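Trainee: This is target.txt, which holds compact mmCIF, C-alpha atoms and all ligand atoms:
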# COMPACT_ATOMS: atom_id res chain seq x y z
CA MET A 234 -2.15 -4.98 110.53
CA ASN A 235 -1.56 -1.33 109.69
CA CYS A 236 -3.53 -0.46 112.78
CA LYS A 237 -2.37 2.40 114.93
CA ARG A 238 -2.07 1.58 118.57
CA PHE A 239 -3.49 3.98 121.14
CA LEU A 240 -2.84 3.47 124.81
CA THR A 241 -3.82 5.44 127.85
CA GLY A 242 -3.87 4.99 131.61
CA ILE A 243 -6.25 6.36 134.19
CA THR A 244 -5.03 6.61 137.76
CA PRO A 245 -7.66 5.21 140.15
CA SER A 246 -7.44 7.75 142.93
CA GLY A 247 -11.01 9.14 143.04
CA THR A 248 -14.51 9.18 141.61
CA PRO A 249 -14.92 10.28 137.97
CA HIS A 250 -16.65 13.63 137.43
CA LEU A 251 -18.27 15.32 134.45
CA GLY A 252 -14.97 16.97 133.53
CA ASN A 253 -13.29 13.57 133.23
CA TYR A 254 -16.20 12.39 131.12
CA VAL A 255 -16.12 15.28 128.66
CA GLY A 256 -12.33 15.57 128.56
CA SER A 257 -11.29 11.94 128.50
CA ILE A 258 -13.88 9.18 128.78
CA ARG A 259 -16.25 10.31 126.04
CA PRO A 260 -13.61 11.13 123.38
CA SER A 261 -11.67 7.95 124.19
CA VAL A 262 -14.72 5.74 123.86
CA GLN A 263 -15.49 7.40 120.52
CA ALA A 264 -11.91 6.93 119.33
CA SER A 265 -11.96 3.28 120.37
CA ARG A 266 -14.73 2.63 117.85
CA ARG A 267 -12.67 3.78 114.86
CA PRO A 268 -11.88 0.72 112.76
CA GLU A 269 -8.23 1.54 112.10
CA VAL A 270 -7.42 1.96 115.77
CA GLU A 271 -6.34 -0.67 118.26
CA SER A 272 -6.82 0.70 121.78
CA PHE A 273 -5.43 -0.13 125.17
CA TYR A 274 -7.03 1.36 128.28
CA PHE A 275 -5.86 0.53 131.72
CA LEU A 276 -6.30 1.43 135.36
CA ALA A 277 -2.93 2.67 136.51
CA ASP A 278 -3.16 1.35 140.05
CA TYR A 279 0.60 1.03 140.52
CA HIS A 280 0.66 4.77 139.83
CA ALA A 281 -2.12 5.35 142.34
CA LEU A 282 0.10 3.92 145.07
CA ILE A 283 2.43 6.86 144.58
CA LYS A 284 -0.12 9.36 145.86
CA VAL A 285 -2.73 7.35 147.75
CA ASP A 286 -2.02 5.39 150.90
CA GLU A 287 -5.60 4.38 151.60
CA PRO A 288 -6.04 0.84 150.27
CA ALA A 289 -9.85 1.00 150.36
CA ARG A 290 -9.85 4.16 148.28
CA ILE A 291 -7.73 2.58 145.56
CA GLN A 292 -9.97 -0.46 145.45
CA ARG A 293 -13.14 1.62 145.37
CA SER A 294 -11.81 3.98 142.74
CA THR A 295 -10.67 1.08 140.56
CA LEU A 296 -14.19 -0.32 140.61
CA GLU A 297 -15.79 3.10 139.99
CA ILE A 298 -13.54 4.04 137.13
CA ALA A 299 -13.77 0.65 135.46
CA ALA A 300 -17.56 0.73 135.77
CA SER A 301 -17.65 4.30 134.41
CA TRP A 302 -15.71 3.44 131.27
CA LEU A 303 -17.85 0.41 130.56
CA ALA A 304 -21.07 2.30 131.28
CA ALA A 305 -19.89 5.03 128.90
CA GLY A 306 -19.72 2.44 126.15
CA LEU A 307 -16.20 1.05 126.12
CA ASP A 308 -16.40 -2.42 124.63
CA PRO A 309 -13.88 -4.72 126.32
CA GLU A 310 -14.20 -7.19 123.44
CA ARG A 311 -12.98 -4.57 121.02
CA VAL A 312 -10.27 -2.91 123.06
CA THR A 313 -7.81 -4.23 125.61
CA PHE A 314 -9.06 -3.02 128.98
CA TYR A 315 -7.04 -4.08 132.00
CA ARG A 316 -5.64 -3.21 135.37
CA GLN A 317 -1.94 -2.39 135.40
CA SER A 318 -1.17 -4.49 138.49
CA ASP A 319 -2.52 -7.61 136.77
CA ILE A 320 0.42 -7.39 134.37
CA PRO A 321 3.54 -8.24 136.40
CA GLU A 322 5.59 -7.89 133.21
CA ILE A 323 5.12 -4.14 133.59
CA THR A 324 7.06 -4.02 136.84
CA GLU A 325 9.68 -6.25 135.30
CA LEU A 326 10.03 -3.92 132.33
CA THR A 327 10.20 -0.98 134.72
CA TRP A 328 13.41 -2.41 136.09
CA LEU A 329 14.94 -3.05 132.67
CA LEU A 330 14.14 0.54 131.76
CA THR A 331 15.33 1.91 135.10
CA CYS A 332 18.77 0.56 134.29
CA VAL A 333 19.01 2.55 131.06
CA THR A 334 17.44 5.75 132.43
CA SER A 335 19.81 8.46 133.55
CA LYS A 336 19.04 9.91 136.92
CA GLY A 337 19.46 13.38 135.46
CA LEU A 338 16.51 12.79 133.15
CA LEU A 339 14.31 12.06 136.15
CA ASN A 340 15.65 15.08 138.03
CA ARG A 341 14.14 17.21 135.28
CA ALA A 342 10.61 15.77 135.51
CA HIS A 343 8.08 18.55 136.18
CA ALA A 344 6.27 16.74 138.99
CA TYR A 345 9.49 16.02 140.84
CA LYS A 346 10.89 19.50 140.25
CA ALA A 347 7.67 21.06 141.51
CA ALA A 348 7.97 19.08 144.74
CA VAL A 349 11.58 20.16 145.17
CA ASP A 350 10.73 23.81 144.45
CA GLN A 351 7.94 23.72 146.99
CA ASN A 352 10.22 22.25 149.63
CA THR A 353 12.92 24.79 148.89
CA ALA A 354 10.42 27.64 149.15
CA ALA A 355 9.27 26.24 152.50
CA GLN A 356 12.93 26.04 153.60
CA GLN A 357 12.82 22.29 153.90
CA GLU A 358 15.17 19.59 152.61
CA PRO A 359 14.77 19.56 148.80
CA ASP A 360 13.60 15.94 148.82
CA ALA A 361 11.40 16.17 151.90
CA ASN A 362 8.33 13.95 151.48
CA VAL A 363 9.40 12.88 148.00
CA SER A 364 9.13 9.11 147.70
CA ALA A 365 11.34 7.17 145.34
CA GLY A 366 8.06 6.15 143.73
CA LEU A 367 7.30 9.76 142.78
CA PHE A 368 10.82 10.11 141.41
CA MET A 369 10.45 6.92 139.35
CA TYR A 370 6.96 7.74 138.12
CA PRO A 371 8.07 8.49 134.53
CA VAL A 372 9.87 5.15 134.22
CA LEU A 373 6.81 3.19 135.30
CA MET A 374 4.79 5.19 132.81
CA ALA A 375 7.34 4.47 130.08
CA ALA A 376 6.99 0.76 130.84
CA ASP A 377 3.19 1.02 130.46
CA ILE A 378 3.57 2.54 127.05
CA LEU A 379 6.56 0.65 125.67
CA MET A 380 5.28 -2.76 126.76
CA PHE A 381 2.56 -2.55 124.13
CA ASN A 382 4.53 -0.60 121.54
CA ALA A 383 1.88 2.10 121.47
CA HIS A 384 2.24 4.72 118.74
CA HIS A 385 -0.09 7.30 120.23
CA VAL A 386 -0.77 8.17 123.81
CA PRO A 387 -3.78 10.45 124.33
CA VAL A 388 -3.02 12.56 127.38
CA GLY A 389 -3.54 16.00 128.83
CA ARG A 390 -0.85 18.63 128.40
CA ASP A 391 0.50 17.99 131.87
CA GLN A 392 1.57 14.51 130.75
CA VAL A 393 3.39 15.43 127.54
CA GLN A 394 6.79 15.52 129.19
CA HIS A 395 6.26 11.96 130.41
CA ILE A 396 5.68 10.76 126.86
CA GLU A 397 8.84 12.52 125.74
CA MET A 398 10.73 10.79 128.52
CA ALA A 399 9.30 7.45 127.41
CA ARG A 400 10.68 8.18 123.93
CA ASP A 401 14.11 9.02 125.34
CA ILE A 402 14.19 5.88 127.42
CA ALA A 403 13.04 3.74 124.46
CA GLN A 404 15.70 5.26 122.24
CA ARG A 405 18.40 4.56 124.77
CA PHE A 406 17.28 0.94 125.13
CA ASN A 407 17.04 0.46 121.36
CA HIS A 408 20.49 1.90 120.94
CA LEU A 409 21.98 -0.52 123.46
CA TYR A 410 20.03 -3.67 122.70
CA GLY A 411 18.49 -3.40 119.22
CA GLU A 412 15.22 -2.04 117.89
CA HIS A 413 12.69 -3.42 120.32
CA PHE A 414 10.52 -0.44 121.09
CA THR A 415 8.25 1.77 119.02
CA LEU A 416 8.81 5.44 119.84
CA PRO A 417 5.52 6.79 121.22
CA GLU A 418 3.97 10.17 120.59
CA ALA A 419 1.61 12.21 122.71
CA ALA A 420 -1.81 12.68 121.10
CA ILE A 421 -3.43 15.82 122.41
CA GLU A 422 -7.10 16.23 121.64
CA GLU A 423 -7.25 19.85 120.52
CA ASN A 424 -11.00 20.16 120.18
CA VAL A 425 -12.02 18.61 123.47
CA ALA A 426 -13.44 21.13 125.87
CA THR A 427 -12.09 21.69 129.34
CA LEU A 428 -15.20 21.73 131.44
CA PRO A 429 -15.64 24.54 133.94
CA GLY A 430 -16.72 23.53 137.42
CA LEU A 431 -19.43 24.93 139.66
CA ASP A 432 -17.36 28.03 140.45
CA GLY A 433 -16.28 28.67 136.85
CA ARG A 434 -12.71 27.47 137.30
CA LYS A 435 -11.65 24.24 135.56
CA MET A 436 -13.63 21.33 136.99
CA SER A 437 -11.29 19.46 139.29
CA LYS A 438 -11.45 17.43 142.42
CA SER A 439 -8.80 19.55 144.02
CA TYR A 440 -10.94 22.72 143.65
CA ASP A 441 -13.95 20.92 145.10
CA ASN A 442 -16.08 22.33 142.30
CA HIS A 443 -16.92 19.12 140.51
CA ILE A 444 -20.06 17.19 139.68
CA PRO A 445 -19.68 13.41 140.05
CA LEU A 446 -20.37 11.76 136.70
CA PHE A 447 -22.96 9.39 138.07
CA ALA A 448 -24.47 11.47 140.83
CA PRO A 449 -28.08 10.36 141.34
CA ARG A 450 -30.63 12.56 139.53
CA ALA A 451 -31.67 14.50 142.62
CA GLN A 452 -28.07 15.27 143.52
CA LEU A 453 -27.26 16.22 139.95
CA ARG A 454 -30.14 18.71 139.92
CA LYS A 455 -29.04 20.15 143.24
CA LEU A 456 -25.42 20.54 142.18
CA ILE A 457 -26.42 22.19 138.92
CA ALA A 458 -28.58 24.63 140.87
CA GLY A 459 -25.29 25.70 142.49
CA VAL A 460 -23.48 26.63 139.25
CA LEU A 461 -22.16 30.16 139.63
CA THR A 462 -24.09 32.80 137.66
CA ASP A 463 -24.31 36.57 137.79
CA SER A 464 -27.21 38.30 139.49
CA ARG A 465 -29.21 39.36 136.43
CA ALA A 466 -32.93 38.96 136.89
CA PRO A 467 -35.28 37.04 134.60
CA GLY A 468 -36.08 39.16 131.55
CA GLU A 469 -32.63 40.78 131.48
CA PRO A 470 -30.42 39.64 128.58
CA LYS A 471 -27.51 37.42 129.72
CA GLU A 472 -23.91 37.06 128.56
CA THR A 473 -22.86 33.66 127.18
CA GLU A 474 -19.22 34.76 127.31
CA GLY A 475 -17.70 33.55 130.57
CA SER A 476 -20.88 31.76 131.62
CA ALA A 477 -19.94 28.41 133.17
CA LEU A 478 -23.52 27.26 132.74
CA PHE A 479 -23.39 27.99 129.02
CA GLN A 480 -20.05 26.24 128.57
CA ILE A 481 -21.18 23.12 130.37
CA TYR A 482 -24.35 23.07 128.28
CA GLN A 483 -22.32 23.40 125.10
CA ALA A 484 -20.22 20.36 126.02
CA PHE A 485 -23.35 18.23 125.91
CA ALA A 486 -25.58 19.92 123.37
CA SER A 487 -25.78 19.83 119.57
CA ALA A 488 -24.97 22.98 117.60
CA GLU A 489 -28.70 23.73 117.23
CA GLU A 490 -29.37 23.29 120.94
CA THR A 491 -26.46 25.57 121.75
CA ALA A 492 -27.75 28.20 119.32
CA ALA A 493 -31.17 27.98 120.95
CA LEU A 494 -29.72 28.56 124.40
CA ARG A 495 -27.67 31.48 123.09
CA GLN A 496 -30.93 33.00 121.82
CA ALA A 497 -32.62 32.30 125.16
CA TYR A 498 -29.76 34.12 126.93
CA ALA A 499 -30.29 37.12 124.65
CA ASP A 500 -34.03 36.96 125.31
CA GLY A 501 -33.44 37.09 129.05
CA ILE A 502 -34.08 33.52 130.21
CA GLY A 503 -34.10 33.31 134.03
CA TRP A 504 -31.20 31.45 135.67
CA ALA A 505 -33.53 28.92 137.26
CA ASP A 506 -34.93 28.00 133.85
CA ALA A 507 -31.46 27.86 132.30
CA LYS A 508 -30.33 25.54 135.06
CA GLN A 509 -33.33 23.33 134.48
CA LEU A 510 -32.41 23.12 130.76
CA LEU A 511 -28.84 22.24 131.66
CA PHE A 512 -29.95 19.59 134.10
CA GLU A 513 -32.27 18.00 131.55
CA ARG A 514 -29.66 18.06 128.80
CA ILE A 515 -26.99 16.40 130.91
CA ASP A 516 -29.39 13.90 132.36
CA ARG A 517 -30.60 12.92 128.90
CA GLU A 518 -27.08 11.80 127.99
CA ILE A 519 -26.09 10.38 131.35
CA ALA A 520 -29.26 8.64 132.57
CA PRO A 521 -28.94 5.46 130.47
CA MET A 522 -25.27 5.15 131.40
CA ARG A 523 -26.09 5.79 135.05
CA GLU A 524 -28.40 2.82 135.05
CA HIS A 525 -25.70 0.65 133.54
CA TYR A 526 -23.16 2.03 136.01
CA THR A 527 -25.35 1.25 138.99
CA ALA A 528 -25.78 -2.32 137.77
CA LEU A 529 -22.02 -2.73 137.29
CA MET A 530 -21.22 -1.28 140.71
CA ALA A 531 -23.54 -3.86 142.20
CA ALA A 532 -21.64 -6.66 140.42
CA PRO A 533 -17.99 -6.44 141.49
CA ALA A 534 -17.46 -10.12 140.63
CA GLN A 535 -18.43 -9.41 137.05
CA MET A 536 -16.15 -6.37 136.94
CA GLU A 537 -13.28 -8.42 138.32
CA GLN A 538 -13.85 -10.99 135.63
CA ILE A 539 -13.86 -8.39 132.87
CA LEU A 540 -10.58 -6.93 134.11
CA LEU A 541 -8.97 -10.35 134.44
CA ALA A 542 -10.04 -11.26 130.91
CA GLY A 543 -8.48 -7.98 129.74
CA ALA A 544 -5.28 -8.79 131.60
CA ASP A 545 -5.22 -12.15 129.92
CA LYS A 546 -5.44 -10.49 126.54
CA ALA A 547 -2.74 -7.97 127.44
CA ARG A 548 -0.42 -10.65 128.76
CA GLN A 549 -0.66 -12.58 125.50
CA LEU A 550 1.44 -9.70 124.21
CA ALA A 551 3.38 -8.84 127.34
CA ARG A 552 4.68 -12.33 128.04
CA PRO A 553 6.44 -13.09 124.76
CA PHE A 554 7.66 -9.50 124.47
CA THR A 555 9.17 -9.64 127.95
CA ALA A 556 10.85 -12.91 127.03
CA GLU A 557 12.34 -11.16 124.00
CA LEU A 558 13.55 -8.26 126.13
CA ARG A 559 15.05 -10.51 128.76
CA ARG A 560 17.01 -12.30 126.05
CA ALA A 561 18.05 -8.99 124.58
CA VAL A 562 19.62 -7.70 127.79
CA GLY A 563 21.27 -11.01 128.65
CA LEU A 564 18.86 -12.60 131.12
CA ARG A 565 19.09 -15.82 129.17
CA ASP A 566 18.76 -19.54 129.22
CA LEU A 567 22.31 -20.80 129.83
CA ARG A 568 21.89 -23.49 127.22
CA THR A 569 21.67 -20.97 124.38
CA SER A 570 25.02 -19.99 122.89
CA THR A 571 26.68 -17.08 124.59
CA THR A 572 28.00 -14.10 122.72
CA ALA A 573 30.67 -12.01 124.32
CA THR A 574 29.77 -8.75 122.66
CA LYS A 575 27.00 -6.38 123.63
CA ALA A 576 23.63 -7.80 122.79
CA THR A 577 22.89 -5.56 119.85
CA LYS A 578 21.95 -8.68 117.94
CA THR A 579 19.85 -11.55 119.11
CA SER A 580 21.83 -14.76 119.20
CA LYS A 581 21.32 -16.86 116.10
CA ALA A 582 20.15 -19.87 118.04
CA ALA A 583 17.13 -17.99 119.31
CA LEU A 584 16.02 -16.49 116.00
CA PRO A 585 12.82 -17.32 114.17
CA ALA A 586 13.40 -18.83 110.74
CA PHE A 587 11.85 -18.95 107.29
CA LYS A 588 11.40 -22.30 105.53
CA GLN A 589 10.68 -22.58 101.83
CA TYR A 590 9.18 -25.70 100.28
CA ARG A 591 7.13 -27.10 97.42
CA GLU A 592 3.75 -28.73 97.82
CA ARG A 593 2.11 -31.50 95.80
CA ASP A 594 0.05 -28.88 93.99
CA GLY A 595 3.33 -27.84 92.34
CA LYS A 596 3.34 -24.43 93.97
CA PHE A 597 6.03 -22.87 96.12
CA TYR A 598 5.37 -21.91 99.73
CA PHE A 599 7.16 -20.52 102.73
CA LYS A 600 6.46 -20.36 106.39
CA LEU A 601 7.94 -18.55 109.37
CA LEU A 602 8.64 -20.61 112.50
CA GLU A 603 9.57 -19.61 116.02
CA PRO A 604 12.81 -21.12 117.37
CA GLY A 605 10.64 -23.62 119.23
CA GLY A 606 8.95 -24.62 115.96
CA ARG A 607 5.62 -22.83 116.36
CA LEU A 608 4.11 -21.73 113.06
CA LEU A 609 3.80 -17.91 112.81
CA LEU A 610 3.24 -17.17 109.14
CA GLN A 611 2.08 -19.35 106.28
CA SER A 612 2.23 -18.19 102.68
CA ALA A 613 -0.21 -19.01 99.93
CA GLY A 614 1.15 -20.87 96.88
CA PHE A 615 3.53 -19.00 94.55
CA ASP A 616 4.04 -20.03 90.93
CA SER A 617 7.82 -19.74 91.07
CA PRO A 618 10.43 -20.19 93.81
CA GLN A 619 11.73 -16.71 93.00
CA ASP A 620 8.39 -15.16 93.87
CA ALA A 621 8.34 -16.94 97.23
CA ALA A 622 11.95 -15.93 97.92
CA GLY A 623 11.18 -12.32 96.98
CA ALA A 624 8.36 -12.16 99.49
CA MET A 625 10.57 -13.62 102.22
CA ALA A 626 13.36 -11.17 101.43
CA LEU A 627 10.92 -8.30 101.77
CA LEU A 628 9.84 -9.50 105.20
CA ARG A 629 13.46 -9.97 106.29
CA GLU A 630 14.42 -6.49 105.20
CA GLN A 631 11.37 -4.50 106.20
CA GLY A 632 9.74 -6.57 108.90
CA ALA A 633 6.11 -6.04 109.79
CA PRO A 634 5.57 -3.02 107.51
CA ALA A 635 5.90 -5.38 104.53
CA LEU A 636 2.95 -7.46 105.73
CA GLY A 637 0.29 -5.08 104.44
CA GLY A 638 1.42 -5.39 100.82
CA LEU A 639 1.88 -9.14 101.11
CA LYS A 640 -1.51 -9.78 102.61
CA PRO A 641 -2.96 -11.58 99.54
CA ALA A 642 0.03 -13.95 99.57
CA LEU A 643 -0.42 -14.98 103.20
CA GLN A 644 -2.85 -17.32 104.94
CA GLU A 645 -4.39 -16.84 108.36
CA VAL A 646 -2.74 -18.91 111.09
CA ALA A 647 -5.10 -19.62 113.98
CA GLY A 648 -3.97 -18.50 117.41
CA VAL A 649 -1.12 -16.29 116.23
CA SER A 650 -1.42 -12.62 117.08
CA ALA A 651 -0.19 -9.74 115.00
CA GLU A 652 2.20 -8.94 117.84
CA ASP A 653 3.79 -12.42 117.78
CA ILE A 654 4.50 -11.99 114.09
CA ALA A 655 5.73 -8.43 114.49
CA THR A 656 8.05 -9.51 117.32
CA ALA A 657 9.57 -12.33 115.26
CA LEU A 658 10.09 -10.08 112.26
CA ARG A 659 11.62 -7.40 114.42
CA GLN A 660 14.15 -9.92 115.68
CA LEU A 661 14.97 -10.97 112.14
CA VAL A 662 15.33 -7.41 110.90
CA ALA A 663 17.55 -6.55 113.86
CA SER A 664 19.78 -9.53 113.13
CA GLU A 665 20.34 -8.67 109.44
N1 LIG B 701 0.16 9.50 134.57
C1 LIG B 701 -1.13 9.46 133.94
C2 LIG B 701 -2.06 10.49 134.61
O1 LIG B 701 -1.91 10.76 135.78
C3 LIG B 701 -1.73 8.09 134.05
C4 LIG B 701 -0.90 7.10 133.34
C5 LIG B 701 -0.14 6.11 133.87
C6 LIG B 701 -0.73 7.00 131.92
N2 LIG B 701 0.50 5.38 132.91
C7 LIG B 701 0.15 5.92 131.71
C8 LIG B 701 -1.24 7.74 130.85
C9 LIG B 701 0.54 5.57 130.41
C10 LIG B 701 -0.84 7.38 129.55
C11 LIG B 701 0.05 6.30 129.35
O2 LIG B 701 -2.92 11.00 133.95
Would you mind writing the file's structure down as structure tokens?
Ligand code: TRP
Mentor:
Amino acid sequence: MNCKRFLTGITPSGTPHLGNYVGSIRPSVQASRRPEVESFYFLADYHALIKVDEPARIQRSTLEIAASWLAAGLDPERVTFYRQSDIPEITELTWLLTCVTSKGLLNRAHAYKAAVDQNTAAQQEPDANVSAGLFMYPVLMAADILMFNAHHVPVGRDQVQHIEMARDIAQRFNHLYGEHFTLPEAAIEENVATLPGLDGRKMSKSYDNHIPLFAPRAQLRKLIAGVLTDSRAPGEPKETEGSALFQIYQAFASAEETAALRQAYADGIGWADAKQLLFERIDREIAPMREHYTALMAAPAQMEQILLAGADKARQLARPFTAELRRAVGLRDLRTSTTATKATKTSKAALPAFKQYRERDGKFYFKLLEPGGRLLLQSAGFDSPQDAAGAMALLREQGAPALGGLKPALQEVAGVSAEDIATALRQLVASE
């Protein structure tokens, strides 16, 4: 219950390469195994539409990236792994957020400003070739993050501004309509290497210097043979500093293996031998995953099913939360009582409620019910009514953060998620 939520999106616009693996896939899969972390990973295919207008490429990339993450060890039972476009609530939230986002905020987004600067430099209209989708990109991204109340968003530096914008948008919404959103923070992995590519510059598709993550063995060997080196002959000592080959090796090797290669450089290892070592080291890590990847790529029906199951899990949270947000902004059932003022407080009629009672065992209990009567929380027996009332008061005042301390006094309720409970408590706290 005191879990931290991590969420990150991957835009399906190409084939994953070793740089993506070292910089994002591998650390994320490792982080997803930490017990105190609840992770959300998704394929940001709505985002892909902003830059890709080849439908087949988006479909192919979605399959490749999903298969890559699973092959690299992501466990879809443990994390929530889904495709953005399977969650229609995200587009709905995008609109709610759009209406509280100032246009000026979006004018300042780096990606948009860069496009305008480029156009201006080329003496074109400032907005030439800028789609409204590109302009709105940060709002869609805010919806991704805020929908699941993520605390931490692991991203590269280029995305930090987007997380800050998501915070601004969340704050604005909370100010207008009550505390609905957690304010997210960017989580930048400081000790994750940026992998150099074949030419020594950062590995990137746009430099055409990348090695596809699951290139077949023969192709992997061939590509590695093309890593840029200097022209020192076998027997001459080599520099590790600035050696792309060395840096790539280091991203895969243990400290001892790296030390051994450093020694081999000093001893004058030939480049062909060094490349063979690099090839073998990478292949040792990748080969088992490659086999898994190939099997997954050959089973698109299975992949589809995994993503749909993930969407199902995600929508268990997205659906009730969207209902809460719709109520908050005034998109409401006409039968509920209307309040003339701004919706800073949820209308009483729609609030969850605590009930206190005494059982035949002589003990005092309480439960928390949704407006519709569904049971959300069930206490254990208290010896006195004051003890039960004290626990309820704590939940009313503090909301979900009080749950941790009260854990021994609560019973499990089947089929109720932590998010359902948190949502109900948030509504109660906001109405105090
Ligand atoms: N914009 C991100 C990128 O290009 C992808 C993305 C979309 C994302 N929605 C997100 C990342 C939400 C983190 C959280 O890398």
Trainee: Within 10 Å of (5.2, -7.2, 102.9) in the file's own coordinates, which protein, DNA or RNA residues have an atom, counting all atoms listed in the file? List them as an NGL selection string.
Mentor: :A and (623-643)
Trainee: Between A:Leu379, A:Leu610, A:Ala448, A:Ala342, which is the closest to ligand LIG 701 (chain B) once you count all atoms listed in the file?
Mentor: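 Closest candidate: A:Leu379.
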Trainee: Residues at most 8 Å from ligand LIG 701 (chain B), using all atoms listed in the file? Could they come as an MDAnalysis selection string?
Mentor: chainID A and resid 240:244 276:277 280 370:371 373:375 377:378 386:389 392 395:396
Trainee: To one decimal place in Å, what is the distance between atom CA of A:Asp616 and atom CA of A:Gln589?
Mentor: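 Atom CA of A:Gln589 lies 13.0 Å from atom CA of A:Asp616.
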Trainee: Which value, in Å to one decimal, gives the distance between atom CA of A:Ala281 and atom CA of A:Pro245?
Mentor: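 We find that atom CA of A:Ala281 and atom CA of A:Pro245 lie 6.0 Å from each other.
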Trainee: Considering all atoms listed in the file, state which residue in the set A:His385, A:Val255, A:Ile539, A:Gln619 is at the smallest distance from A:Tyr482.
Mentor: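 For A:Tyr482, the nearest of the given residues is A:Val255.
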Trainee: Nearest to A:Ser261 among A:Glu422, A:Asp463, A:Glu603, A:Glu310, with distances taken over all atoms listed in the file: which residue is it?
Mentor: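 Ranking A:Glu422, A:Asp463, A:Glu603, A:Glu310 by distance to A:Ser261, first place goes to A:Glu422.
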